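File shown: structure_18.cif. Contents: mmCIF, C-alpha atoms.
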```cif
data_protein
loop_
_atom_site.group_PDB
_atom_site.id
_atom_site.type_symbol
_atom_site.label_atom_id
_atom_site.label_comp_id
_atom_site.auth_asym_id
_atom_site.auth_seq_id
_atom_site.Cartn_x
_atom_site.Cartn_y
_atom_site.Cartn_z
ATOM 1 C CA MET R 197 28.852 81.294 92.181
ATOM 2 C CA SER R 198 32.356 79.929 92.550
ATOM 3 C CA CYS R 199 35.853 81.429 92.453
ATOM 4 C CA PHE R 200 39.101 79.577 91.780
ATOM 5 C CA TRP R 201 42.792 80.161 90.890
ATOM 6 C CA ILE R 202 44.814 78.723 88.035
ATOM 7 C CA GLN R 203 48.569 79.145 87.488
ATOM 8 C CA SER R 204 49.266 78.818 83.782
ATOM 9 C CA ILE R 205 52.701 77.285 84.348
ATOM 10 C CA LEU R 206 52.400 75.447 87.693
ATOM 11 C CA ILE R 207 49.496 74.626 90.066
ATOM 12 C CA ALA R 208 50.613 76.141 93.358
ATOM 13 C CA GLY R 209 49.384 75.058 96.797
ATOM 14 C CA PHE R 210 46.991 77.526 98.402
ATOM 15 C CA PHE R 211 44.262 78.036 100.943
ATOM 16 C CA VAL R 212 41.450 80.542 101.455
ATOM 17 C CA LEU R 213 42.015 83.378 103.953
ATOM 18 C CA PHE R 214 38.947 85.402 104.913
ATOM 19 C CA GLY R 215 39.514 89.073 105.563
ATOM 20 C CA PHE R 216 43.335 88.913 104.899
ATOM 21 C CA GLU R 217 44.675 92.095 103.354
ATOM 22 C CA GLY R 218 47.064 90.992 100.601
ATOM 23 C CA PHE R 219 47.934 92.060 97.062
ATOM 24 C CA PRO R 220 44.667 92.856 95.259
ATOM 25 C CA VAL R 221 43.869 91.583 91.796
ATOM 26 C CA ILE R 222 42.414 94.690 90.249
ATOM 27 C CA SER R 223 41.668 93.442 86.742
ATOM 28 C CA VAL R 224 37.944 93.199 86.126
ATOM 29 C CA ASP R 225 37.995 92.130 82.522
ATOM 30 C CA SER R 226 39.835 89.296 80.850
ATOM 31 C CA GLN R 227 40.644 91.711 78.054
ATOM 32 C CA ARG R 228 42.760 93.933 80.345
ATOM 33 C CA SER R 229 46.530 93.658 80.479
ATOM 34 C CA THR R 230 48.058 91.424 83.143
ATOM 35 C CA ASP R 231 49.013 93.002 86.495
ATOM 36 C CA ASN R 232 52.434 92.238 87.953
ATOM 37 C CA ILE R 233 53.379 91.360 91.509
ATOM 38 C CA THR R 234 57.090 91.462 92.372
ATOM 39 C CA ILE R 235 58.408 89.587 95.418
ATOM 40 C CA ARG R 236 61.761 88.491 96.771
ATOM 41 C CA GLN R 237 62.779 84.853 96.906
ATOM 42 C CA GLY R 238 61.982 83.331 100.307
ATOM 43 C CA ASP R 239 59.221 85.811 101.181
ATOM 44 C CA THR R 240 55.481 85.047 101.317
ATOM 45 C CA ALA R 241 53.304 86.080 98.389
ATOM 46 C CA VAL R 242 49.585 86.756 98.859
ATOM 47 C CA ILE R 243 47.582 87.190 95.662
ATOM 48 C CA ARG R 244 44.076 88.365 96.435
ATOM 49 C CA CYS R 245 40.943 88.139 94.365
ATOM 50 C CA VAL R 246 38.737 90.407 96.495
ATOM 51 C CA TRP R 247 35.663 90.620 94.391
ATOM 52 C CA CYS R 248 32.796 88.567 93.136
ATOM 53 C CA LEU R 249 31.226 90.639 90.384
ATOM 54 C CA TYR R 250 27.601 91.287 89.866
ATOM 55 C CA VAL R 251 25.720 93.690 87.645
ATOM 56 C CA ASN R 252 23.439 96.217 89.285
ATOM 57 C CA LEU R 253 20.462 96.149 86.973
ATOM 58 C CA SER R 254 18.635 98.991 88.691
ATOM 59 C CA TYR R 255 20.489 101.466 86.480
ATOM 60 C CA SER R 256 20.284 101.946 82.779
ATOM 61 C CA GLN R 257 22.574 99.928 80.529
ATOM 62 C CA GLN R 258 24.809 102.973 80.067
ATOM 63 C CA ASP R 259 25.108 103.586 83.840
ATOM 64 C CA ARG R 260 25.642 99.936 84.776
ATOM 65 C CA SER R 261 28.250 99.628 87.554
ATOM 66 C CA LEU R 262 30.420 96.938 89.124
ATOM 67 C CA SER R 263 30.489 96.457 92.872
ATOM 68 C CA ILE R 264 32.464 94.464 95.421
ATOM 69 C CA ASP R 265 30.687 91.535 97.005
ATOM 70 C CA PRO R 266 32.274 91.146 100.481
ATOM 71 C CA ARG R 267 31.101 87.551 100.650
ATOM 72 C CA CYS R 268 33.818 86.473 98.198
ATOM 73 C CA PRO R 269 37.323 87.380 99.505
ATOM 74 C CA TYR R 270 39.522 84.673 97.986
ATOM 75 C CA SER R 271 43.309 84.678 98.363
ATOM 76 C CA LEU R 272 46.225 82.574 97.197
ATOM 77 C CA ARG R 273 49.119 82.407 99.669
ATOM 78 C CA ILE R 274 52.538 81.079 98.637
ATOM 79 C CA GLN R 275 55.084 80.720 101.423
ATOM 80 C CA LYS R 276 58.839 80.788 100.837
ATOM 81 C CA VAL R 277 58.458 81.808 97.228
ATOM 82 C CA ASP R 278 61.024 80.330 94.848
ATOM 83 C CA VAL R 279 61.857 80.961 91.206
ATOM 84 C CA PHE R 280 59.684 78.059 90.014
ATOM 85 C CA ASP R 281 56.649 79.872 91.459
ATOM 86 C CA GLU R 282 57.095 82.669 88.934
ATOM 87 C CA GLY R 283 54.490 82.919 86.217
ATOM 88 C CA PRO R 284 50.902 83.945 85.438
ATOM 89 C CA TYR R 285 48.072 83.224 87.899
ATOM 90 C CA THR R 286 44.418 83.453 86.892
ATOM 91 C CA CYS R 287 41.440 84.180 89.160
ATOM 92 C CA SER R 288 38.290 82.725 87.596
ATOM 93 C CA ILE R 289 34.817 83.563 88.930
ATOM 94 C CA GLN R 290 31.612 81.873 87.772
ATOM 95 C CA THR R 291 28.581 84.172 87.923
ATOM 96 C CA LYS R 292 25.009 83.618 86.780
ATOM 97 C CA GLN R 293 25.580 85.808 83.776
ATOM 98 C CA GLN R 294 29.066 84.717 82.602
ATOM 99 C CA PRO R 295 32.450 83.660 83.948
ATOM 100 C CA LYS R 296 34.894 86.408 84.910
ATOM 101 C CA THR R 297 38.656 86.013 84.886
ATOM 102 C CA SER R 298 41.570 88.187 85.889
ATOM 103 C CA GLN R 299 45.267 87.442 85.668
ATOM 104 C CA VAL R 300 48.362 88.523 87.571
ATOM 105 C CA TYR R 301 51.973 87.698 86.824
ATOM 106 C CA LEU R 302 54.185 86.821 89.795
ATOM 107 C CA ILE R 303 57.779 88.011 89.361
ATOM 108 C CA VAL R 304 60.317 86.454 91.755
ATOM 109 C CA GLN R 305 63.479 88.431 92.432
ATOM 110 C CA VAL R 306 66.612 86.737 93.777
ATOM 111 C CA PRO R 307 69.320 88.527 95.822
ATOM 112 C CA PRO R 308 72.811 88.565 94.277
ATOM 113 C CA VAL R 309 75.208 85.764 95.188
ATOM 114 C CA ILE R 310 78.845 85.598 94.083
ATOM 115 C CA TYR R 311 79.465 81.924 93.388
ATOM 116 C CA LYS R 312 82.955 82.116 91.870
ATOM 117 C CA VAL R 313 85.825 84.517 92.489
ATOM 118 C CA SER R 314 89.537 84.354 91.707
ATOM 119 C CA ASP R 315 91.883 82.972 94.336
ATOM 120 C CA ASP R 316 94.556 85.206 95.852
ATOM 121 C CA ILE R 317 97.466 85.418 93.424
ATOM 122 C CA ILE R 318 101.174 86.288 93.345
ATOM 123 C CA VAL R 319 102.556 87.605 90.043
ATOM 124 C CA ASN R 320 105.714 89.257 88.782
ATOM 125 C CA GLU R 321 105.657 92.901 87.802
ATOM 126 C CA GLY R 322 104.820 93.290 84.111
ATOM 127 C CA SER R 323 102.552 90.238 83.965
ATOM 128 C CA ASN R 324 99.035 90.325 82.531
ATOM 129 C CA VAL R 325 96.389 89.568 85.158
ATOM 130 C CA THR R 326 92.717 88.600 84.832
ATOM 131 C CA LEU R 327 90.487 88.574 87.914
ATOM 132 C CA THR R 328 87.138 86.753 87.756
ATOM 133 C CA CYS R 329 83.917 87.389 89.689
ATOM 134 C CA LEU R 330 80.770 85.478 88.697
ATOM 135 C CA ALA R 331 77.409 86.095 90.354
ATOM 136 C CA SER R 332 73.798 84.965 90.033
ATOM 137 C CA GLY R 333 70.550 86.775 90.827
ATOM 138 C CA ARG R 334 67.293 88.030 89.355
ATOM 139 C CA PRO R 335 67.538 90.526 87.812
ATOM 140 C CA ASP R 336 71.095 89.853 86.718
ATOM 141 C CA PRO R 337 73.453 91.610 89.141
ATOM 142 C CA SER R 338 75.889 94.317 88.134
ATOM 143 C CA ILE R 339 79.552 93.536 88.943
ATOM 144 C CA THR R 340 81.869 96.366 90.022
ATOM 145 C CA TRP R 341 85.554 96.311 91.037
ATOM 146 C CA ARG R 342 87.627 98.471 93.384
ATOM 147 C CA LEU R 343 91.258 98.427 94.487
ATOM 148 C CA LEU R 344 90.832 99.173 98.185
ATOM 149 C CA ASN R 345 94.300 100.460 98.894
ATOM 150 C CA PRO R 346 95.330 103.146 98.865
ATOM 151 C CA SER R 347 92.420 105.181 97.433
ATOM 152 C CA ALA R 348 89.580 102.658 96.825
ATOM 153 C CA GLU R 349 88.918 104.109 93.369
ATOM 154 C CA ALA R 350 86.330 102.402 91.194
ATOM 155 C CA LEU R 351 87.725 100.246 88.381
ATOM 156 C CA ASP R 352 86.059 98.444 85.490
ATOM 157 C CA VAL R 353 82.506 97.071 85.525
ATOM 158 C CA GLY R 354 81.977 93.433 84.561
ATOM 159 C CA GLU R 355 82.712 89.848 85.497
ATOM 160 C CA TYR R 356 86.354 90.068 84.408
ATOM 161 C CA LEU R 357 88.940 92.647 85.433
ATOM 162 C CA GLU R 358 91.845 92.803 82.958
ATOM 163 C CA ILE R 359 95.160 94.300 84.106
ATOM 164 C CA SER R 360 97.808 94.555 81.391
ATOM 165 C CA GLY R 361 101.434 94.768 82.522
ATOM 166 C CA ILE R 362 100.671 95.037 86.219
ATOM 167 C CA VAL R 363 102.938 97.322 88.261
ATOM 168 C CA ARG R 364 103.781 97.352 91.962
ATOM 169 C CA SER R 365 101.356 100.196 92.704
ATOM 170 C CA GLN R 366 98.496 97.936 91.540
ATOM 171 C CA ALA R 367 99.171 95.347 94.238
ATOM 172 C CA GLY R 368 96.647 95.097 97.049
ATOM 173 C CA ARG R 369 93.149 93.972 98.008
ATOM 174 C CA TYR R 370 90.585 93.989 95.199
ATOM 175 C CA GLU R 371 86.878 94.145 95.985
ATOM 176 C CA CYS R 372 84.243 92.524 93.780
ATOM 177 C CA LYS R 373 80.668 93.676 94.471
ATOM 178 C CA ALA R 374 77.497 92.166 92.961
ATOM 179 C CA SER R 375 74.362 94.379 93.147
ATOM 180 C CA ASN R 376 70.816 94.164 91.809
ATOM 181 C CA ASP R 377 68.822 96.287 94.336
ATOM 182 C CA VAL R 378 66.915 93.242 95.645
ATOM 183 C CA SER R 379 68.916 93.157 98.879
ATOM 184 C CA THR R 380 72.339 94.216 100.140
ATOM 185 C CA PRO R 381 75.160 93.546 97.651
ATOM 186 C CA ASP R 382 77.311 90.439 97.903
ATOM 187 C CA VAL R 383 81.022 91.239 98.271
ATOM 188 C CA LYS R 384 84.156 89.133 97.853
ATOM 189 C CA TYR R 385 87.869 89.989 97.921
ATOM 190 C CA VAL R 386 91.003 88.992 96.002
ATOM 191 C CA ASN R 387 94.509 89.748 97.273
ATOM 192 C CA VAL R 388 97.081 90.443 94.559
ATOM 193 C CA VAL R 389 100.806 90.399 95.403
ATOM 194 C CA VAL R 390 103.177 91.869 92.808
ATOM 195 C CA ASN R 391 106.800 90.754 92.949
ATOM 196 C CA TYR R 392 109.477 93.198 91.817
ATOM 197 C CA PRO R 393 113.280 93.501 92.109
ATOM 198 C CA PRO R 394 114.950 95.550 94.862
ATOM 199 C CA TYR R 395 115.339 99.274 94.652
ATOM 200 C CA ILE R 396 117.433 101.071 97.282
ATOM 201 C CA LYS R 397 115.348 104.128 98.057
ATOM 202 C CA GLU R 398 117.327 105.677 100.894
ATOM 203 C CA VAL R 399 120.863 105.613 102.294
ATOM 204 C CA ARG R 400 122.392 107.726 105.057
ATOM 205 C CA SER R 401 126.086 108.270 105.522
ATOM 206 C CA SER R 402 127.739 109.026 108.860
ATOM 207 C CA GLU R 403 130.034 111.858 109.972
ATOM 208 C CA THR R 404 131.839 110.246 112.901
ATOM 209 C CA PRO R 405 134.996 111.259 114.786
ATOM 210 C CA VAL R 406 137.713 108.748 115.660
ATOM 211 C CA GLY R 407 136.831 106.609 118.672
ATOM 212 C CA GLN R 408 133.075 106.996 118.262
ATOM 213 C CA ALA R 409 130.494 104.561 116.767
ATOM 214 C CA GLY R 410 129.574 105.178 113.143
ATOM 215 C CA VAL R 411 126.180 104.035 111.809
ATOM 216 C CA LEU R 412 125.430 103.660 108.087
ATOM 217 C CA HIS R 413 121.745 103.273 106.997
ATOM 218 C CA CYS R 414 120.317 101.519 103.948
ATOM 219 C CA GLU R 415 116.638 100.961 103.045
ATOM 220 C CA ALA R 416 115.280 99.089 100.031
ATOM 221 C CA SER R 417 111.871 98.348 98.536
ATOM 222 C CA ALA R 418 111.297 94.857 97.100
ATOM 223 C CA VAL R 419 108.882 91.928 96.932
ATOM 224 C CA PRO R 420 109.836 89.328 98.029
ATOM 225 C CA GLN R 421 111.672 90.984 100.906
ATOM 226 C CA PRO R 422 115.308 91.651 100.009
ATOM 227 C CA GLU R 423 118.447 90.173 101.492
ATOM 228 C CA PHE R 424 121.242 92.603 102.357
ATOM 229 C CA GLU R 425 125.041 92.514 102.151
ATOM 230 C CA TRP R 426 127.656 95.129 102.992
ATOM 231 C CA TYR R 427 130.982 95.613 101.177
ATOM 232 C CA ARG R 428 134.102 97.671 101.802
ATOM 233 C CA ASP R 429 135.952 97.965 98.500
ATOM 234 C CA GLU R 430 135.828 94.396 97.141
ATOM 235 C CA ARG R 431 135.616 92.736 100.534
ATOM 236 C CA ARG R 432 132.304 91.469 101.849
ATOM 237 C CA LEU R 433 131.766 92.416 105.484
ATOM 238 C CA SER R 434 130.362 90.242 108.232
ATOM 239 C CA SER R 435 129.590 90.909 111.881
ATOM 240 C CA SER R 436 132.663 90.926 114.144
ATOM 241 C CA GLN R 437 133.963 92.698 117.246
ATOM 242 C CA SER R 438 134.547 95.905 115.308
ATOM 243 C CA VAL R 439 131.591 95.758 112.853
ATOM 244 C CA SER R 440 127.941 94.861 113.408
ATOM 245 C CA ILE R 441 125.392 94.255 110.628
ATOM 246 C CA GLN R 442 121.747 94.627 111.645
ATOM 247 C CA ILE R 443 118.840 93.733 109.350
ATOM 248 C CA SER R 444 115.185 94.468 110.058
ATOM 249 C CA GLY R 445 112.734 93.881 107.223
ATOM 250 C CA SER R 446 113.565 96.255 104.393
ATOM 251 C CA ARG R 447 116.256 98.119 106.368
ATOM 252 C CA THR R 448 119.835 97.392 107.352
ATOM 253 C CA LEU R 449 122.424 99.145 109.510
ATOM 254 C CA LEU R 450 126.198 98.834 109.410
ATOM 255 C CA VAL R 451 127.610 99.836 112.818
ATOM 256 C CA VAL R 452 131.338 100.492 113.182
ATOM 257 C CA ALA R 453 131.852 100.237 116.935
ATOM 258 C CA ASN R 454 135.110 102.211 117.373
ATOM 259 C CA VAL R 455 135.984 104.248 114.312
ATOM 260 C CA THR R 456 139.648 104.471 113.322
ATOM 261 C CA GLU R 457 141.328 106.390 110.496
ATOM 262 C CA ASP R 458 141.356 103.197 108.436
ATOM 263 C CA ASP R 459 137.571 102.884 108.681
ATOM 264 C CA TYR R 460 136.834 106.077 106.747
ATOM 265 C CA GLY R 461 135.768 105.658 103.163
ATOM 266 C CA ASN R 462 133.155 104.242 100.825
ATOM 267 C CA TYR R 463 130.897 101.331 101.821
ATOM 268 C CA THR R 464 128.389 99.600 99.562
ATOM 269 C CA CYS R 465 124.938 98.305 100.499
ATOM 270 C CA VAL R 466 123.641 95.514 98.244
ATOM 271 C CA ALA R 467 119.993 94.389 98.190
ATOM 272 C CA THR R 468 118.979 91.208 96.344
ATOM 273 C CA ASN R 469 115.997 88.962 95.761
ATOM 274 C CA ARG R 470 115.251 86.317 93.143
ATOM 275 C CA LEU R 471 114.166 88.998 90.667
ATOM 276 C CA GLY R 472 117.201 91.247 90.748
ATOM 277 C CA ILE R 473 119.874 93.220 92.565
ATOM 278 C CA HIS R 474 120.576 96.849 93.439
ATOM 279 C CA ASN R 475 123.392 98.583 95.295
ATOM 280 C CA ALA R 476 124.253 102.009 96.649
ATOM 281 C CA SER R 477 127.311 103.755 98.078
ATOM 282 C CA VAL R 478 127.304 104.973 101.678
ATOM 283 C CA PHE R 479 130.132 106.964 103.291
ATOM 284 C CA LEU R 480 131.773 106.962 106.711
ATOM 285 C CA TYR R 481 133.722 110.196 106.857
ATOM 286 C CA LYS R 482 135.722 112.335 109.241
ATOM 287 C CA PRO R 483 134.175 115.559 110.565
ATOM 288 C CA GLY R 484 135.276 118.584 108.588
ATOM 289 C CA THR R 485 135.906 116.779 105.318
ATOM 290 C CA GLY R 486 132.752 118.324 103.850
ATOM 291 C CA ARG R 487 131.115 115.177 102.546
ATOM 292 C CA ASP R 488 127.295 115.336 102.221
ATOM 293 C CA ILE R 489 125.772 113.246 104.991
ATOM 294 C CA ASN R 490 122.666 112.528 102.852
ATOM 295 C CA ALA R 491 124.180 110.284 100.252
ATOM 296 C CA SER R 492 120.883 109.040 98.854
ATOM 297 C CA GLY R 493 121.917 110.434 95.481
ATOM 298 C CA CYS R 494 125.009 108.271 95.434
ATOM 299 C CA VAL R 495 123.257 105.197 94.113
ATOM 300 C CA CYS R 496 125.481 103.411 91.655
ATOM 301 C CA GLN R 497 125.905 100.164 89.811
ATOM 302 C CA SER R 498 129.253 98.407 89.870
ATOM 303 C CA PHE R 499 129.903 95.495 87.572
ATOM 304 C CA TRP R 500 132.351 93.749 89.857
ATOM 305 C CA LEU R 501 130.086 94.212 92.882
ATOM 306 C CA LEU R 502 127.060 92.888 91.068
ATOM 307 C CA LEU R 503 129.095 89.908 89.920
ATOM 308 C CA LEU R 504 130.309 89.190 93.443
ATOM 309 C CA SER R 505 126.766 89.418 94.831
ATOM 310 C CA VAL R 506 125.377 87.104 92.176
ATOM 311 C CA LEU R 507 128.127 84.559 92.789
ATOM 312 C CA SER R 508 127.477 84.778 96.521
ATOM 313 C CA ALA R 509 123.773 84.147 95.970
ATOM 314 C CA LEU R 510 124.542 81.177 93.751
ATOM 315 C CA LEU R 511 126.844 79.678 96.363
ATOM 316 C CA LYS R 512 123.971 79.812 98.884
ATOM 317 C CA CYS R 513 121.770 77.682 96.645
#
```
Let me see the file written as C-alpha cells.
Amino acid sequence: MSCFWIQSILIAGFFVLFGFEGFPVISVDSQRSTDNITIRQGDTAVIRCVWCLYVNLSYSQQDRSLSIDPRCPYSLRIQKVDVFDEGPYTCSIQTKQQPKTSQVYLIVQVPPVIYKVSDDIIVNEGSNVTLTCLASGRPDPSITWRLLNPSAEALDVGEYLEISGIVRSQAGRYECKASNDVSTPDVKYVNVVVNYPPYIKEVRSSETPVGQAGVLHCEASAVPQPEFEWYRDERRLSSSQSVSIQISGSRTLLVVANVTEDDYGNYTCVATNRLGIHNASVFLYKPGTGRDINASGCVCQSFWLLLLSVLSALLKC
C-alpha cells in the first residue's frame, strides 16, 4: 500500500519522519468533517498521518474494527509556516480494498503589527483631533486607546480616536495597542500637545517694612510657555539697582531691594503668549495696613494694560 499528502491549494515541501510525534490526523473516513490545526506564523507545523488502515476480517461484519498499522507513520513537516501555507491538506492511503483519505485544514495565525500610527501633533485648544492606528494580523487585531497621563483610563476602541474640541487636560501621551491573542500586543505611542492662552493661577503679595526687600510672586499656566512683564501703574518695569525681575519657566518674581514709602502700592503681573494675555494685581504693602497677603483673588483685566502689553509684543516682532 502507499500513503501520500495533497494540499488542495498549494503543494508544500515535505519529508517522511519515522516515529516523530506530531499533530495526528484522526479522520478515518473521507465523509467526516475536516480537522483543523492552528499554528503561529514562523513556527514549524507537523501534520501526521499515523495510520495505514486495514480491516480485521476475523470478526463478524458488525464487529469489524479498524487498527493502527505501526509500519506506516507518515508525516508532513512545514518549517517557518507562512500565510500562503494555509489551506486543506489531504492524506491519501491506498489499501488492497479501497483508497482511504483524510483531510486537515491548516490555519496560520499572525501576531499583530501596527504598521501606521499618527505622528506627534501640536494643536490649539478647541481643535478637533483624529488619531490613527492601523494594524495587521490574523485574526484581525483589536485596537484600544489609552491616555497614559494622568490616570491611564481606557478610551475608545477602533483604528481611529476622535477628539472633538480638545481641551488642555486631554494633552499627553496616547497609547495605541493592537491585540489578537496570538502573541504579545504591539504598542505604539502618540504625543499630543495642546496650546492654550495664559492663565495666572497664583499671585502672592508682600508685607514688607521700609528698608527691607519685598518679593512679589506670580505664576501662570500656558502652552507655549508664557512671557512675563511687570507694571507699576502705567509704567512697565525693568531690572535696575532698586528692582529685580526674575523669570523661571511659568513663574516670575519682582524683588524690590530696599523698600521705601514710594514703593508701596499695586503692581501688575502680565503673562502673554501667541494665543492670548492675562494679568493680575499684586500688592506691596506696609505692615499694619491690613491688606490680605494672599492676593490670588485679585485677578483683574485692565483695558489699558492689555493694550500696552499687546503693543509691546507687536514692537518685539
| message | Residues within 10 Å of stretch 329-344 of chain R, please, as a PyMOL selection string. Count all atoms listed in the file; anything in the same chain fewer than 2 positions from it doesn't count. | response | chain R and resi 236-237+279+303-314+327+346-357+366-378+381-388
| request: Could you give me, as a list in words, the residues that sit within 12 Å of (131.1, 106.1, 119.2) in the file's coordinates, counting only C-alpha atoms? | output: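 Applying the cut-off with only C-alpha atoms, one gets Ser402, Glu403, Thr404, Pro405, Val406, Gly407, Gln408, Ala409, Gly410, Val411, Ser438, Val451, Val452, Ala453, Asn454, Val455 and Thr456 of chain R.
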Please produce an output containing C-alpha atoms for each residue in the selection, written as a short mmCIF file (atom, residue, chain, number, x, y, z; two decimals), keeping the file's coordinate frame.
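Saved the output as again_21.cif:
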```cif
data_model
loop_
_atom_site.label_atom_id
_atom_site.label_comp_id
_atom_site.auth_asym_id
_atom_site.auth_seq_id
_atom_site.Cartn_x
_atom_site.Cartn_y
_atom_site.Cartn_z
CA SER R 402 127.74 109.03 108.86
CA GLU R 403 130.03 111.86 109.97
CA THR R 404 131.84 110.25 112.90
CA PRO R 405 135.00 111.26 114.79
CA VAL R 406 137.71 108.75 115.66
CA GLY R 407 136.83 106.61 118.67
CA GLN R 408 133.07 107.00 118.26
CA ALA R 409 130.49 104.56 116.77
CA GLY R 410 129.57 105.18 113.14
CA VAL R 411 126.18 104.04 111.81
CA SER R 438 134.55 95.90 115.31
CA VAL R 451 127.61 99.84 112.82
CA VAL R 452 131.34 100.49 113.18
CA ALA R 453 131.85 100.24 116.94
CA ASN R 454 135.11 102.21 117.37
CA VAL R 455 135.98 104.25 114.31
CA THR R 456 139.65 104.47 113.32
#
```
Axis-aligned box for all listed atoms of stretch 458-461 of chain R, 3 Å per side, centre and edges in Å to one decimal, as AutoDock Vina command-line options:
```
--center_x 138.6 --center_y 104.5 --center_z 105.9 --size_x 11.6 --size_y 9.2 --size_z 11.5
```
| request: Pick out the closest residue to R:Gly472 from this set: R:Val363, R:Cys287, R:Leu450, R:Val419. Count only C-alpha atoms. | output: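 Distance minimum relative to R:Gly472 lands on R:Val419.
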| message | Quick check on the file I pasted: which residues fall under the PyMOL selection byres ((chain R and resi 423) around 9)? Write them as a PyMOL selection string. | response | chain R and resi 421-422+424-425+443+445-446+466-469
| query | If we count only C-alpha atoms, what is near R:Ile362 at a cut-off of 7 Å, once residues fewer than 3 positions away on the same chain are taken out, given as a list in words? | reply |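 Once the adjacent positions are removed, what remains is Glu321, Gly322, Ser323, Asn324, Ile359 and Gln366 of chain R.
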| task | Could you tell me which residues the PyMOL selection byres ((chain R and resi 416) around 8) grabs in this file, written as a PyMOL selection string? | result | chain R and resi 394-398+414-415+417-418+422+446-447+467
| By how many Å are atom CA of R:Tyr270 and atom CA of R:Gln293 apart? |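 Atom CA of R:Tyr270 sits 19.9 Å away from atom CA of R:Gln293.
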| What does the distance from atom CA of R:Glu430 to atom CA of R:Phe479 come to in Å, to one decimal? |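 Between atom CA of R:Glu430 and atom CA of R:Phe479 the gap works out to 15.1 Å.
Of note, atom CA of R:Tyr285 and atom CA of R:Gly238 are spaced 18.6 Å apart.
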| task | Name the residues captured by the PyMOL selection byres ((chain R and resi 301) around 10) when it is applied to the shown file; answer as a PyMOL selection string. | result | chain R and resi 203-204+230-234+243+282-286+299-300+302-304
| Polymer residues at most 6 Å from (106.2, 89.2, 90.1) by only C-alpha atoms, as an MDAnalysis selection string | chainID R and resid 319:321 390:392
| remark: From the list R:Leu480, R:Ser298, R:Gly461, R:Ile317, the nearest residue to R:Arg400 using all atoms listed in the file is R:Leu480
